[in-house]
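Quick look at work_19.tsv (TSV, C-alpha atoms):
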```tsv
chain	number	residue	atom	x	y	z
X	104	MET	CA	94.85	-15.90	65.91
X	105	PRO	CA	94.86	-19.54	64.81
X	106	ARG	CA	94.57	-22.22	67.49
X	107	HIS	CA	97.73	-23.95	66.27
X	108	ARG	CA	100.89	-22.74	64.62
X	109	PHE	CA	102.83	-24.69	62.00
X	110	ILE	CA	106.41	-23.92	61.12
X	111	THR	CA	107.82	-25.53	57.99
X	112	PRO	CA	111.52	-26.43	57.68
X	113	ASP	CA	111.99	-23.63	55.15
X	114	GLU	CA	110.43	-21.02	57.46
X	115	GLN	CA	112.52	-22.27	60.36
X	116	LYS	CA	115.65	-21.84	58.23
X	117	GLN	CA	114.66	-18.27	57.41
X	118	LEU	CA	113.96	-17.39	61.07
X	119	ASP	CA	117.28	-18.94	62.16
X	120	SER	CA	119.20	-17.14	59.44
X	121	ILE	CA	117.75	-13.71	60.35
X	122	LEU	CA	118.81	-14.23	63.96
X	123	ARG	CA	122.31	-15.34	62.90
X	124	GLU	CA	122.66	-12.26	60.71
X	125	LEU	CA	121.51	-10.07	63.58
X	126	LEU	CA	124.14	-11.58	65.88
X	127	LYS	CA	126.86	-11.13	63.28
X	128	ASN	CA	125.99	-7.49	62.60
X	129	SER	CA	125.40	-6.41	66.19
X	130	ASP	CA	128.11	-8.53	67.80
X	131	ALA	CA	125.58	-9.74	70.38
X	132	LYS	CA	125.85	-13.10	72.08
X	133	THR	CA	122.46	-14.82	71.89
X	134	ALA	CA	119.18	-14.18	70.11
X	135	ILE	CA	115.89	-15.84	71.02
X	136	LEU	CA	112.59	-15.54	69.15
X	137	LEU	CA	109.43	-16.37	71.07
X	138	ASP	CA	105.74	-15.55	71.11
X	139	HIS	CA	103.78	-13.75	73.80
X	140	GLY	CA	102.79	-17.09	75.33
X	141	GLY	CA	106.46	-18.01	75.91
X	142	PHE	CA	106.74	-20.49	73.01
X	143	LEU	CA	110.24	-20.66	71.66
X	144	MET	CA	110.55	-20.34	67.86
X	145	SER	CA	114.30	-19.95	67.32
X	146	THR	CA	117.50	-19.67	69.31
X	147	GLN	CA	120.86	-18.72	67.86
X	148	GLY	CA	124.27	-17.95	69.26
X	149	PHE	CA	125.81	-18.82	72.59
X	150	THR	CA	123.54	-21.04	74.73
X	151	GLU	CA	126.01	-23.12	76.71
X	152	HIS	CA	125.15	-21.92	80.20
X	153	ILE	CA	121.65	-20.67	79.65
X	154	ASP	CA	118.30	-22.35	79.17
X	155	PRO	CA	116.62	-20.56	76.23
X	156	GLN	CA	113.21	-22.03	77.03
X	157	THR	CA	113.21	-20.66	80.55
X	158	ILE	CA	114.51	-17.31	79.34
X	159	ALA	CA	111.68	-17.25	76.78
X	160	VAL	CA	109.05	-17.93	79.43
X	161	LEU	CA	110.41	-15.30	81.81
X	162	ALA	CA	110.82	-12.75	79.00
X	163	ALA	CA	107.23	-13.32	77.90
X	164	GLY	CA	106.14	-12.80	81.51
X	165	ALA	CA	108.19	-9.62	81.85
X	166	PHE	CA	106.84	-8.27	78.58
X	167	SER	CA	103.24	-9.02	79.57
X	168	THR	CA	103.77	-7.28	82.89
X	169	THR	CA	105.18	-4.14	81.30
X	170	ARG	CA	102.34	-4.13	78.77
X	171	GLU	CA	99.89	-3.95	81.67
X	172	LEU	CA	101.98	-1.12	83.15
X	173	ALA	CA	101.89	0.66	79.79
X	174	LYS	CA	98.11	0.40	79.65
X	175	MET	CA	97.89	1.96	83.08
X	176	ILE	CA	99.56	5.11	81.81
X	177	GLY	CA	97.61	5.16	78.57
X	178	GLU	CA	100.18	3.52	76.27
X	179	GLU	CA	99.29	0.46	74.20
X	180	GLU	CA	102.56	-1.26	75.08
X	181	PHE	CA	106.25	-0.55	75.59
X	182	THR	CA	107.89	-1.97	72.49
X	183	VAL	CA	111.42	-2.15	73.89
X	184	MET	CA	112.78	-3.25	77.27
X	185	PHE	CA	116.38	-3.16	78.35
X	186	HIS	CA	117.95	-4.83	81.40
X	187	GLN	CA	121.44	-3.64	82.15
X	188	GLY	CA	123.85	-5.87	84.03
X	189	ARG	CA	127.51	-5.42	84.90
X	190	ARG	CA	128.75	-7.47	81.96
X	191	ASP	CA	125.70	-9.05	80.30
X	192	HIS	CA	122.61	-7.18	79.20
X	193	ILE	CA	119.24	-8.13	77.79
X	194	HIS	CA	117.38	-6.27	75.07
X	195	LEU	CA	113.77	-7.28	74.57
X	196	SER	CA	111.68	-5.94	71.72
X	197	ALA	CA	108.33	-6.58	70.07
X	198	VAL	CA	108.19	-8.40	66.72
X	199	GLY	CA	104.88	-7.74	65.00
X	200	LYS	CA	101.79	-8.23	67.11
X	201	ASP	CA	102.48	-11.46	68.94
X	202	ALA	CA	106.20	-12.22	69.04
X	203	LEU	CA	109.25	-11.02	70.94
X	204	LEU	CA	112.96	-10.92	70.31
X	205	VAL	CA	115.38	-11.37	73.19
X	206	ILE	CA	119.00	-10.39	72.58
X	207	ILE	CA	121.69	-11.07	75.14
X	208	PHE	CA	124.88	-9.05	74.67
X	209	GLU	CA	128.07	-8.13	76.49
X	210	ASN	CA	130.05	-4.89	76.81
X	211	THR	CA	131.84	-5.75	73.55
X	212	THR	CA	129.00	-4.05	71.70
X	213	THR	CA	126.62	-1.19	72.45
X	214	ILE	CA	122.92	-0.87	73.10
X	215	GLY	CA	122.69	1.40	70.04
X	216	MET	CA	124.06	-1.28	67.72
X	217	VAL	CA	121.82	-3.92	69.21
X	218	ARG	CA	118.76	-1.68	68.93
X	219	LEU	CA	119.54	-0.78	65.32
X	220	PHE	CA	119.93	-4.35	64.11
X	221	ALA	CA	117.11	-5.64	66.29
X	222	ARG	CA	114.74	-3.22	64.55
X	223	GLU	CA	115.89	-4.43	61.13
X	224	ALA	CA	115.60	-8.08	62.12
X	225	ALA	CA	112.15	-7.52	63.66
X	226	LYS	CA	110.74	-6.31	60.34
X	227	LYS	CA	112.03	-9.37	58.49
X	228	LEU	CA	110.89	-11.76	61.22
X	229	ALA	CA	107.44	-10.17	61.36
X	230	SER	CA	106.85	-10.76	57.66
X	231	ILE	CA	107.66	-14.47	58.00
X	232	LEU	CA	105.57	-14.79	61.16
X	233	ARG	CA	102.62	-13.21	59.36
X	234	ILE	CA	102.73	-16.03	56.81
X	235	ILE	CA	103.05	-18.63	59.57
X	236	ASN	CA	100.17	-17.16	61.58
X	237	GLN	CA	97.86	-16.85	58.60
X	238	ARG	CA	98.28	-20.50	57.73
X	239	LYS	CA	95.44	-22.80	58.68
X	240	SER	CA	96.34	-26.46	58.78
X	241	GLU	CA	97.31	-27.20	55.22
X	242	ALA	CA	100.93	-27.50	56.26
X	243	PRO	CA	102.82	-30.55	55.01
X	244	MET	CA	102.13	-32.29	58.27
X	245	GLY	CA	102.05	-35.90	57.15
X	246	ASN	CA	100.33	-38.17	59.60
X	247	ILE	CA	100.48	-37.16	63.25
X	248	LYS	CA	99.55	-40.09	65.44
X	249	LEU	CA	99.55	-40.70	69.17
X	250	GLN	CA	101.90	-43.42	70.44
X	251	GLN	CA	100.06	-46.24	72.14
Q	224	MET	CA	98.26	-22.29	71.04
Q	225	SER	CA	100.16	-25.46	70.26
Q	226	THR	CA	103.10	-25.13	67.92
Q	227	VAL	CA	104.03	-27.85	65.46
Q	228	ASN	CA	107.54	-27.40	64.13
Q	229	PHE	CA	108.31	-29.58	61.12
Q	230	ALA	CA	111.96	-28.57	61.05
Q	231	THR	CA	112.79	-29.68	64.58
Q	232	ARG	CA	109.96	-32.29	64.64
Q	233	GLU	CA	108.61	-30.82	67.85
Q	234	ILE	CA	105.09	-30.23	69.13
Q	235	THR	CA	104.75	-27.79	72.02
Q	236	CYS	CA	101.61	-27.46	74.14
Q	237	LYS	CA	100.79	-25.32	77.16
Q	238	ILE	CA	98.91	-26.75	80.14
Q	239	VAL	CA	97.82	-24.44	82.94
Q	240	TYR	CA	97.01	-25.54	86.50
Q	241	TYR	CA	94.23	-23.20	87.63
Q	242	GLY	CA	92.34	-23.01	90.91
Q	243	PRO	CA	91.89	-21.07	94.15
Q	244	GLY	CA	94.79	-20.09	96.41
Q	245	LEU	CA	96.36	-22.92	98.42
Q	246	SER	CA	94.50	-25.65	96.53
Q	247	GLY	CA	97.75	-27.43	95.60
Q	248	LYS	CA	98.64	-26.29	92.08
Q	249	THR	CA	102.33	-25.74	92.84
Q	250	THR	CA	102.38	-28.98	94.86
Q	251	ASN	CA	101.30	-30.88	91.73
Q	252	LEU	CA	104.20	-29.42	89.74
Q	253	LEU	CA	106.70	-30.01	92.53
Q	254	PHE	CA	105.75	-33.68	92.66
Q	255	ILE	CA	105.97	-34.05	88.88
Q	256	HIS	CA	109.38	-32.34	88.95
Q	257	LYS	CA	110.57	-34.71	91.66
Q	258	LYS	CA	109.42	-37.89	89.94
Q	259	VAL	CA	110.14	-37.24	86.26
Q	260	PRO	CA	113.72	-38.22	85.29
Q	261	ALA	CA	115.94	-35.21	84.52
Q	262	LYS	CA	116.26	-36.19	80.83
Q	263	HIS	CA	112.53	-35.64	80.39
Q	264	ARG	CA	112.29	-32.30	82.13
Q	265	SER	CA	114.15	-29.06	82.76
Q	266	ASP	CA	114.42	-27.14	85.99
Q	267	MET	CA	111.26	-25.77	87.51
Q	268	VAL	CA	110.95	-22.00	87.70
Q	269	SER	CA	108.92	-20.54	90.55
Q	270	LEU	CA	108.11	-16.87	90.79
Q	271	ALA	CA	106.97	-16.87	94.39
Q	272	THR	CA	106.70	-14.44	97.28
Q	273	ASP	CA	108.87	-14.76	100.39
Q	274	GLY	CA	106.05	-16.72	101.94
Q	275	ASP	CA	106.20	-19.28	99.11
Q	276	ARG	CA	102.91	-18.18	97.62
Q	277	THR	CA	102.94	-18.09	93.81
Q	278	LEU	CA	103.37	-14.48	92.70
Q	279	PHE	CA	103.35	-14.84	88.93
Q	280	PHE	CA	103.59	-18.48	87.89
Q	281	ASP	CA	105.49	-21.74	88.25
Q	282	PHE	CA	106.83	-23.25	85.06
Q	283	LEU	CA	107.92	-26.82	84.37
Q	284	PRO	CA	108.80	-28.07	80.86
Q	285	LEU	CA	108.42	-31.79	80.12
Q	286	VAL	CA	109.46	-33.75	77.04
Q	287	THR	CA	107.66	-36.95	76.00
Q	288	ASN	CA	107.46	-39.18	72.96
Q	289	ALA	CA	103.67	-39.22	73.01
Q	290	VAL	CA	103.39	-38.50	69.31
Q	291	LYS	CA	104.96	-40.73	66.68
Q	292	GLY	CA	107.94	-39.08	64.99
Q	293	PHE	CA	107.77	-35.92	67.09
Q	294	SER	CA	109.28	-34.84	70.35
Q	295	THR	CA	106.30	-33.58	72.35
Q	296	LYS	CA	106.94	-30.78	74.82
Q	297	PHE	CA	104.43	-29.90	77.50
Q	298	GLN	CA	104.86	-26.60	79.26
Q	299	LEU	CA	103.18	-26.81	82.66
Q	300	TYR	CA	102.25	-23.54	84.33
Q	301	THR	CA	100.42	-22.66	87.50
Q	302	VAL	CA	98.61	-19.39	88.12
Q	303	PRO	CA	98.65	-17.43	91.39
Q	304	GLY	CA	95.46	-18.46	93.15
Q	305	GLN	CA	94.98	-15.45	95.37
Q	306	VAL	CA	92.01	-13.35	94.29
Q	307	PHE	CA	93.91	-10.07	93.89
Q	308	TYR	CA	96.39	-11.48	91.35
Q	309	ASN	CA	93.86	-11.66	88.54
Q	310	ALA	CA	95.93	-9.63	86.06
Q	311	THR	CA	98.77	-12.16	86.22
Q	312	ARG	CA	96.36	-15.11	86.10
Q	313	LYS	CA	94.98	-13.75	82.87
Q	314	LEU	CA	98.46	-13.35	81.38
Q	315	VAL	CA	99.40	-16.94	82.13
Q	316	LEU	CA	96.32	-18.20	80.26
Q	317	GLN	CA	97.58	-16.69	77.02
Q	318	GLY	CA	98.04	-19.45	74.42
Q	319	VAL	CA	96.68	-22.17	76.73
Q	320	ASP	CA	96.00	-25.61	75.22
Q	321	GLY	CA	94.68	-27.45	78.27
Q	322	ILE	CA	93.68	-26.76	81.86
Q	323	VAL	CA	93.80	-28.72	85.11
Q	324	PHE	CA	91.39	-27.11	87.55
Q	325	VAL	CA	92.75	-27.93	91.01
Q	326	SER	CA	90.07	-27.56	93.67
Q	327	ASP	CA	90.32	-27.85	97.45
Q	328	SER	CA	88.13	-30.56	98.98
Q	329	ALA	CA	87.62	-28.75	102.31
Q	330	TRP	CA	83.96	-27.84	102.87
Q	331	ASN	CA	84.85	-24.26	103.73
Q	332	ARG	CA	86.66	-23.79	100.39
Q	333	MET	CA	83.68	-24.59	98.15
Q	334	ASN	CA	82.89	-20.92	97.55
Q	335	ASP	CA	86.53	-20.27	96.62
Q	336	ASN	CA	86.48	-23.24	94.22
Q	337	HIS	CA	83.36	-21.98	92.55
Q	338	GLU	CA	84.57	-18.39	92.34
Q	339	SER	CA	87.86	-19.48	90.84
Q	340	PHE	CA	86.08	-21.59	88.21
Q	341	VAL	CA	83.88	-18.65	87.23
Q	342	ASN	CA	86.97	-16.41	87.16
Q	343	MET	CA	88.71	-18.91	84.85
Q	344	LYS	CA	85.82	-18.73	82.38
Q	345	GLU	CA	85.89	-14.92	82.49
Q	346	ASN	CA	89.63	-14.83	81.88
Q	347	LEU	CA	89.37	-17.29	78.98
Q	348	SER	CA	86.76	-15.05	77.40
Q	349	GLU	CA	89.36	-12.26	77.31
Q	350	TYR	CA	91.18	-14.39	74.72
Q	351	GLY	CA	87.98	-15.14	72.82
Q	352	LEU	CA	87.78	-18.63	74.29
Q	353	THR	CA	84.96	-20.45	76.05
Q	354	ILE	CA	85.36	-23.39	78.39
Q	355	GLU	CA	84.16	-25.65	75.54
Q	356	ASP	CA	87.14	-24.60	73.40
Q	357	VAL	CA	89.84	-25.74	75.83
Q	358	PRO	CA	90.24	-29.33	77.05
Q	359	TYR	CA	90.20	-29.43	80.85
Q	360	VAL	CA	89.97	-31.86	83.75
Q	361	LEU	CA	89.01	-31.37	87.37
Q	362	GLN	CA	91.25	-32.43	90.21
Q	363	PHE	CA	89.63	-32.70	93.65
Q	364	ASN	CA	92.68	-32.29	95.85
Q	365	LYS	CA	93.26	-32.89	99.59
Q	366	ARG	CA	90.99	-35.94	99.70
Q	367	ASP	CA	92.68	-36.91	102.99
Q	368	LEU	CA	91.06	-34.00	104.85
Q	369	PRO	CA	88.67	-35.15	107.56
Q	370	ASP	CA	86.08	-32.65	106.32
Q	371	ALA	CA	86.49	-33.41	102.63
Q	372	ALA	CA	83.31	-32.73	100.67
Q	373	PRO	CA	81.84	-35.74	98.86
Q	374	VAL	CA	82.99	-36.19	95.27
Q	375	GLU	CA	79.34	-36.10	94.11
Q	376	TYR	CA	78.96	-32.66	95.65
Q	377	MET	CA	82.15	-31.33	94.06
Q	378	ASN	CA	81.05	-32.66	90.69
Q	379	HIS	CA	77.67	-31.02	91.19
Q	380	LEU	CA	79.43	-27.73	91.97
Q	381	LEU	CA	82.16	-27.71	89.31
Q	382	ASN	CA	81.32	-30.30	86.67
Q	383	ARG	CA	78.13	-28.82	85.33
Q	384	GLU	CA	79.06	-27.45	81.92
Q	385	LYS	CA	77.41	-28.87	78.78
Q	386	GLN	CA	80.20	-31.40	78.47
Q	387	ARG	CA	81.00	-33.27	81.70
Q	388	VAL	CA	84.76	-33.69	82.06
Q	389	PRO	CA	86.94	-36.30	83.81
Q	390	HIS	CA	87.60	-35.71	87.50
Q	391	PHE	CA	90.46	-37.04	89.62
Q	392	GLU	CA	90.68	-37.40	93.37
Q	393	SER	CA	94.12	-36.49	94.65
Q	394	ILE	CA	96.38	-35.94	97.61
Q	395	ALA	CA	98.98	-33.96	95.69
Q	396	ILE	CA	101.37	-33.62	98.61
Q	397	ARG	CA	101.76	-37.43	98.59
Q	398	GLY	CA	101.61	-37.63	94.80
Q	399	ILE	CA	98.31	-39.48	94.77
Q	400	GLY	CA	96.34	-38.69	91.61
Q	401	VAL	CA	98.97	-36.27	90.27
Q	402	PHE	CA	100.15	-38.29	87.28
Q	403	GLU	CA	96.66	-39.64	86.54
Q	404	THR	CA	95.55	-36.02	86.14
Q	405	LEU	CA	98.56	-35.04	84.02
Q	406	ASN	CA	98.23	-38.10	81.76
Q	407	ALA	CA	94.56	-37.40	81.18
Q	408	ILE	CA	94.95	-33.73	80.29
Q	409	SER	CA	98.00	-34.26	78.08
Q	410	ARG	CA	96.19	-36.97	76.16
Q	411	MET	CA	93.09	-34.79	75.78
Q	412	VAL	CA	95.20	-31.90	74.45
Q	413	LEU	CA	96.96	-34.10	71.87
Q	414	VAL	CA	93.76	-35.85	70.80
Q	415	LYS	CA	92.15	-32.45	70.21
Q	416	LEU	CA	95.18	-31.21	68.27
Q	417	ILE	CA	95.26	-34.29	66.07
Q	418	SER	CA	91.52	-34.29	65.47
Q	419	GLU	CA	91.58	-30.61	64.48
Q	420	LEU	CA	94.41	-31.29	62.07
Q	421	SER	CA	92.62	-34.18	60.41
Q	422	GLN	CA	89.36	-32.19	60.14
Q	423	ASN	CA	91.20	-29.38	58.40
Q	424	LYS	CA	92.87	-31.79	56.01
Q	425	GLU	CA	89.57	-33.16	54.69
```
Encoding of this model in structure tokens:
Amino acid sequence: MPRHRFITPDEQKQLDSILRELLKNSDAKTAILLDHGGFLMSTQGFTEHIDPQTIAVLAAGAFSTTRELAKMIGEEEFTVMFHQGRRDHIHLSAVGKDALLVIIFENTTTIGMVRLFAREAAKKLASILRIINQRKSEAPMGNIKLQQ
Amino acid sequence: MSTVNFATREITCKIVYYGPGLSGKTTNLLFIHKKVPAKHRSDMVSLATDGDRTLFFDFLPLVTNAVKGFSTKFQLYTVPGQVFYNATRKLVLQGVDGIVFVSDSAWNRMNDNHESFVNMKENLSEYGLTIEDVPYVLQFNKRDLPDAAPVEYMNHLLNREKQRVPHFESIAIRGIGVFETLNAISRMVLVKLISELSQNKE
């Protein structure tokens, strides 16, 4: 893994658009893309009463915890997690080797729909993240300078 | 791993407060949360036990304008200090960009300080990192204790890697030394990021 990750405006657009498409197809409410360290990479959909950054951090923690549980029973990791509420639910799934997709949805759709479109979106997201993660530092970064 | 996003003009870095149980890691974050205006921070998340001991981590996001043209986000985490929570400590270190090692100045905690420091190096190695790879500072907390060990002794115990690092005396519960420590580590993290970028550009 590189020490730093650079996301260009074009890549950000692609990530955002995959999440928007996922929401449209699955009729879910919110989609959040993050890495295993809890870094937020994209948020789409309804975010009025939620803090995506905090959700990302907690989701990364929950995923790490279940990965340790998986190892204990001889699995590499559990690739999907589902938290069922009364009205709102959370679907959490792995994207490639180091990212996660959190989808928040209501009873207006089904877990099956969410799972189906999450799987499709994960493949597309993973291919963009591979490019991002393979990049060293030749990104069009301009001059980054500390403020005095 | 710091993330530089050129679309949103954001830089995000992760700073972890590490150290033995009850050394004051959460207290540091609580003080920062109390003093930083709400527009520069979000709510603090604490995953604690009923007895207020950190179970998984505390998390506090801060936003600064430390870098020209970018909004700079620092994600502050603590680890659970208690020895038997090593699995979670290791998880929190994932993607770390900078570390504040919070040690307890009481004489009878010197073994715990040392053990925790060694444990931190072991856990970093799980991610292929050595202590030289990650900027870190030492905070000698609880300097108001009547039996506080001398600073020279604590430096001798903890500041003995190839590269000596800055140390800060603190009384975190009263906020003394808290922001000095945070300013130092955040600057070190950004200086390292910027220097690595310019090296790669040449």
Quiz item: Pick the closest to chain X from Q:Phe279, Q:Phe391, Q:Tyr241, Q:Trp330: which is it, counting only C-alpha atoms?
Solution: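 Ranked by minimum distance to chain X, first place goes to Q:Phe279.
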Quiz prompt | Among listed residues Q:Leu368, Q:Glu338, Q:Lys415, Q:Arg383, nearest Q:Asp356 (using only C-alpha atoms) | solution =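 Going through Q:Leu368, Q:Glu338, Q:Lys415, Q:Arg383 one by one, the smallest distance to Q:Asp356 is for Q:Lys415.
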Exercise. For chain Q, work out the contacting residues on chain X at 6 Å, counting all atoms listed in the file, and write them as a list in words.
Key: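 My answer is Arg106, His107, Arg108, Phe109, Ile110, Thr111, Pro112, Gly140, Ser240, Lys248, Leu249 and Gln250 of chain X.
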Practice problem: Work out how far apart atom CA of Q:Pro373 and atom CA of Q:Ser246 are and give it in Å to one decimal. | Solution: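 That distance, rounded to one decimal, is 16.4 Å.
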Quiz prompt | Selection: 12 Å around X:Thr211, only C-alpha atoms, excl. self and same-chain fewer than 4 positions, as an MDAnalysis selection string | solution = chainID X and resid 129:132 190:192 207 216:217
Practice problem: Could you check how far atom CA of Q:Met343 sits from atom CA of Q:Pro243, in Å to one decimal? | Solution: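 Taking atom CA of Q:Met343 as the start and atom CA of Q:Pro243 as the end point, the length is 10.1 Å.
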Quiz item: Which residue out of Q:His263, Q:Ser348, Q:Gly321, Q:Ser326 has the minimum interatomic distance to Q:Leu405 when all atoms listed in the file are used?
Solution: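 Of Q:His263, Q:Ser348, Q:Gly321, Q:Ser326, the one nearest Q:Leu405, counting all atoms listed in the file, is Q:Gly321.
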Pull out stretch 287-296 of chain Q, keep all heavy atoms, and write it as a PDB file, in the first residue's frame.
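Generated output (selection06.pdb):
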```
ATOM      1  N   THR Q 287      -8.751  22.157   9.943  1.00  0.00           N
ATOM      2  CA  THR Q 287      -7.904  23.346  10.058  1.00  0.00           C
ATOM      3  C   THR Q 287      -7.630  23.895   8.661  1.00  0.00           C
ATOM      4  O   THR Q 287      -7.962  23.271   7.669  1.00  0.00           O
ATOM      5  CB  THR Q 287      -6.541  23.005  10.712  1.00  0.00           C
ATOM      6  OG1 THR Q 287      -5.773  22.259   9.757  1.00  0.00           O
ATOM      7  CG2 THR Q 287      -6.692  22.188  11.971  1.00  0.00           C
ATOM      8  N   ASN Q 288      -6.987  25.049   8.625  1.00  0.00           N
ATOM      9  CA  ASN Q 288      -6.545  25.569   7.327  1.00  0.00           C
ATOM     10  C   ASN Q 288      -5.024  25.611   7.308  1.00  0.00           C
ATOM     11  O   ASN Q 288      -4.408  26.555   6.877  1.00  0.00           O
ATOM     12  CB  ASN Q 288      -7.153  26.948   7.054  1.00  0.00           C
ATOM     13  CG  ASN Q 288      -6.805  27.918   8.158  1.00  0.00           C
ATOM     14  OD1 ASN Q 288      -6.180  27.537   9.144  1.00  0.00           O
ATOM     15  ND2 ASN Q 288      -7.198  29.167   8.000  1.00  0.00           N
ATOM     16  N   ALA Q 289      -4.429  24.520   7.810  1.00  0.00           N
ATOM     17  CA  ALA Q 289      -2.976  24.486   7.965  1.00  0.00           C
ATOM     18  C   ALA Q 289      -2.243  24.469   6.623  1.00  0.00           C
ATOM     19  O   ALA Q 289      -1.087  24.854   6.544  1.00  0.00           O
ATOM     20  CB  ALA Q 289      -2.576  23.256   8.789  1.00  0.00           C
ATOM     21  N   VAL Q 290      -2.911  23.982   5.593  1.00  0.00           N
ATOM     22  CA  VAL Q 290      -2.258  23.904   4.292  1.00  0.00           C
ATOM     23  C   VAL Q 290      -2.951  24.836   3.317  1.00  0.00           C
ATOM     24  O   VAL Q 290      -4.175  24.854   3.227  1.00  0.00           O
ATOM     25  CB  VAL Q 290      -2.302  22.455   3.748  1.00  0.00           C
ATOM     26  CG1 VAL Q 290      -1.716  22.387   2.344  1.00  0.00           C
ATOM     27  CG2 VAL Q 290      -1.534  21.528   4.671  1.00  0.00           C
ATOM     28  N   LYS Q 291      -2.125  25.619   2.626  1.00  0.00           N
ATOM     29  CA  LYS Q 291      -2.647  26.628   1.688  1.00  0.00           C
ATOM     30  C   LYS Q 291      -3.531  25.988   0.623  1.00  0.00           C
ATOM     31  O   LYS Q 291      -3.107  25.053  -0.060  1.00  0.00           O
ATOM     32  CB  LYS Q 291      -1.467  27.309   1.012  1.00  0.00           C
ATOM     33  CG  LYS Q 291      -1.579  28.793   0.926  1.00  0.00           C
ATOM     34  CD  LYS Q 291      -0.317  29.365   0.347  1.00  0.00           C
ATOM     35  CE  LYS Q 291      -0.573  30.828   0.023  1.00  0.00           C
ATOM     36  NZ  LYS Q 291       0.579  31.458  -0.543  1.00  0.00           N
ATOM     37  N   GLY Q 292      -4.750  26.485   0.484  1.00  0.00           N
ATOM     38  CA  GLY Q 292      -5.623  26.019  -0.588  1.00  0.00           C
ATOM     39  C   GLY Q 292      -6.331  24.713  -0.310  1.00  0.00           C
ATOM     40  O   GLY Q 292      -7.073  24.216  -1.149  1.00  0.00           O
ATOM     41  N   PHE Q 293      -6.083  24.122   0.842  1.00  0.00           N
ATOM     42  CA  PHE Q 293      -6.731  22.853   1.186  1.00  0.00           C
ATOM     43  C   PHE Q 293      -7.385  22.961   2.555  1.00  0.00           C
ATOM     44  O   PHE Q 293      -6.883  23.658   3.438  1.00  0.00           O
ATOM     45  CB  PHE Q 293      -5.698  21.713   1.263  1.00  0.00           C
ATOM     46  CG  PHE Q 293      -5.266  21.193  -0.063  1.00  0.00           C
ATOM     47  CD1 PHE Q 293      -4.283  21.856  -0.790  1.00  0.00           C
ATOM     48  CD2 PHE Q 293      -5.833  20.052  -0.607  1.00  0.00           C
ATOM     49  CE1 PHE Q 293      -3.872  21.387  -2.026  1.00  0.00           C
ATOM     50  CE2 PHE Q 293      -5.429  19.579  -1.846  1.00  0.00           C
ATOM     51  CZ  PHE Q 293      -4.441  20.242  -2.555  1.00  0.00           C
ATOM     52  N   SER Q 294      -8.488  22.252   2.706  1.00  0.00           N
ATOM     53  CA  SER Q 294      -9.034  22.100   4.049  1.00  0.00           C
ATOM     54  C   SER Q 294      -8.337  20.867   4.629  1.00  0.00           C
ATOM     55  O   SER Q 294      -8.309  19.812   4.003  1.00  0.00           O
ATOM     56  CB  SER Q 294     -10.537  21.901   3.901  1.00  0.00           C
ATOM     57  OG  SER Q 294     -11.036  21.262   5.022  1.00  0.00           O
ATOM     58  N   THR Q 295      -7.711  21.021   5.788  1.00  0.00           N
ATOM     59  CA  THR Q 295      -6.930  19.912   6.348  1.00  0.00           C
ATOM     60  C   THR Q 295      -7.688  19.290   7.501  1.00  0.00           C
ATOM     61  O   THR Q 295      -8.005  19.963   8.483  1.00  0.00           O
ATOM     62  CB  THR Q 295      -5.557  20.418   6.842  1.00  0.00           C
ATOM     63  OG1 THR Q 295      -5.022  21.259   5.835  1.00  0.00           O
ATOM     64  CG2 THR Q 295      -4.610  19.265   7.098  1.00  0.00           C
ATOM     65  N   LYS Q 296      -7.986  17.998   7.353  1.00  0.00           N
ATOM     66  CA  LYS Q 296      -8.759  17.311   8.391  1.00  0.00           C
ATOM     67  C   LYS Q 296      -7.836  16.385   9.165  1.00  0.00           C
ATOM     68  O   LYS Q 296      -7.137  15.560   8.570  1.00  0.00           O
ATOM     69  CB  LYS Q 296      -9.879  16.489   7.755  1.00  0.00           C
ATOM     70  CG  LYS Q 296     -10.914  17.334   7.057  1.00  0.00           C
ATOM     71  CD  LYS Q 296     -12.003  16.467   6.491  1.00  0.00           C
ATOM     72  CE  LYS Q 296     -13.196  17.337   6.079  1.00  0.00           C
ATOM     73  NZ  LYS Q 296     -14.275  16.556   5.526  1.00  0.00           N
TER      74      LYS Q 296
END
```
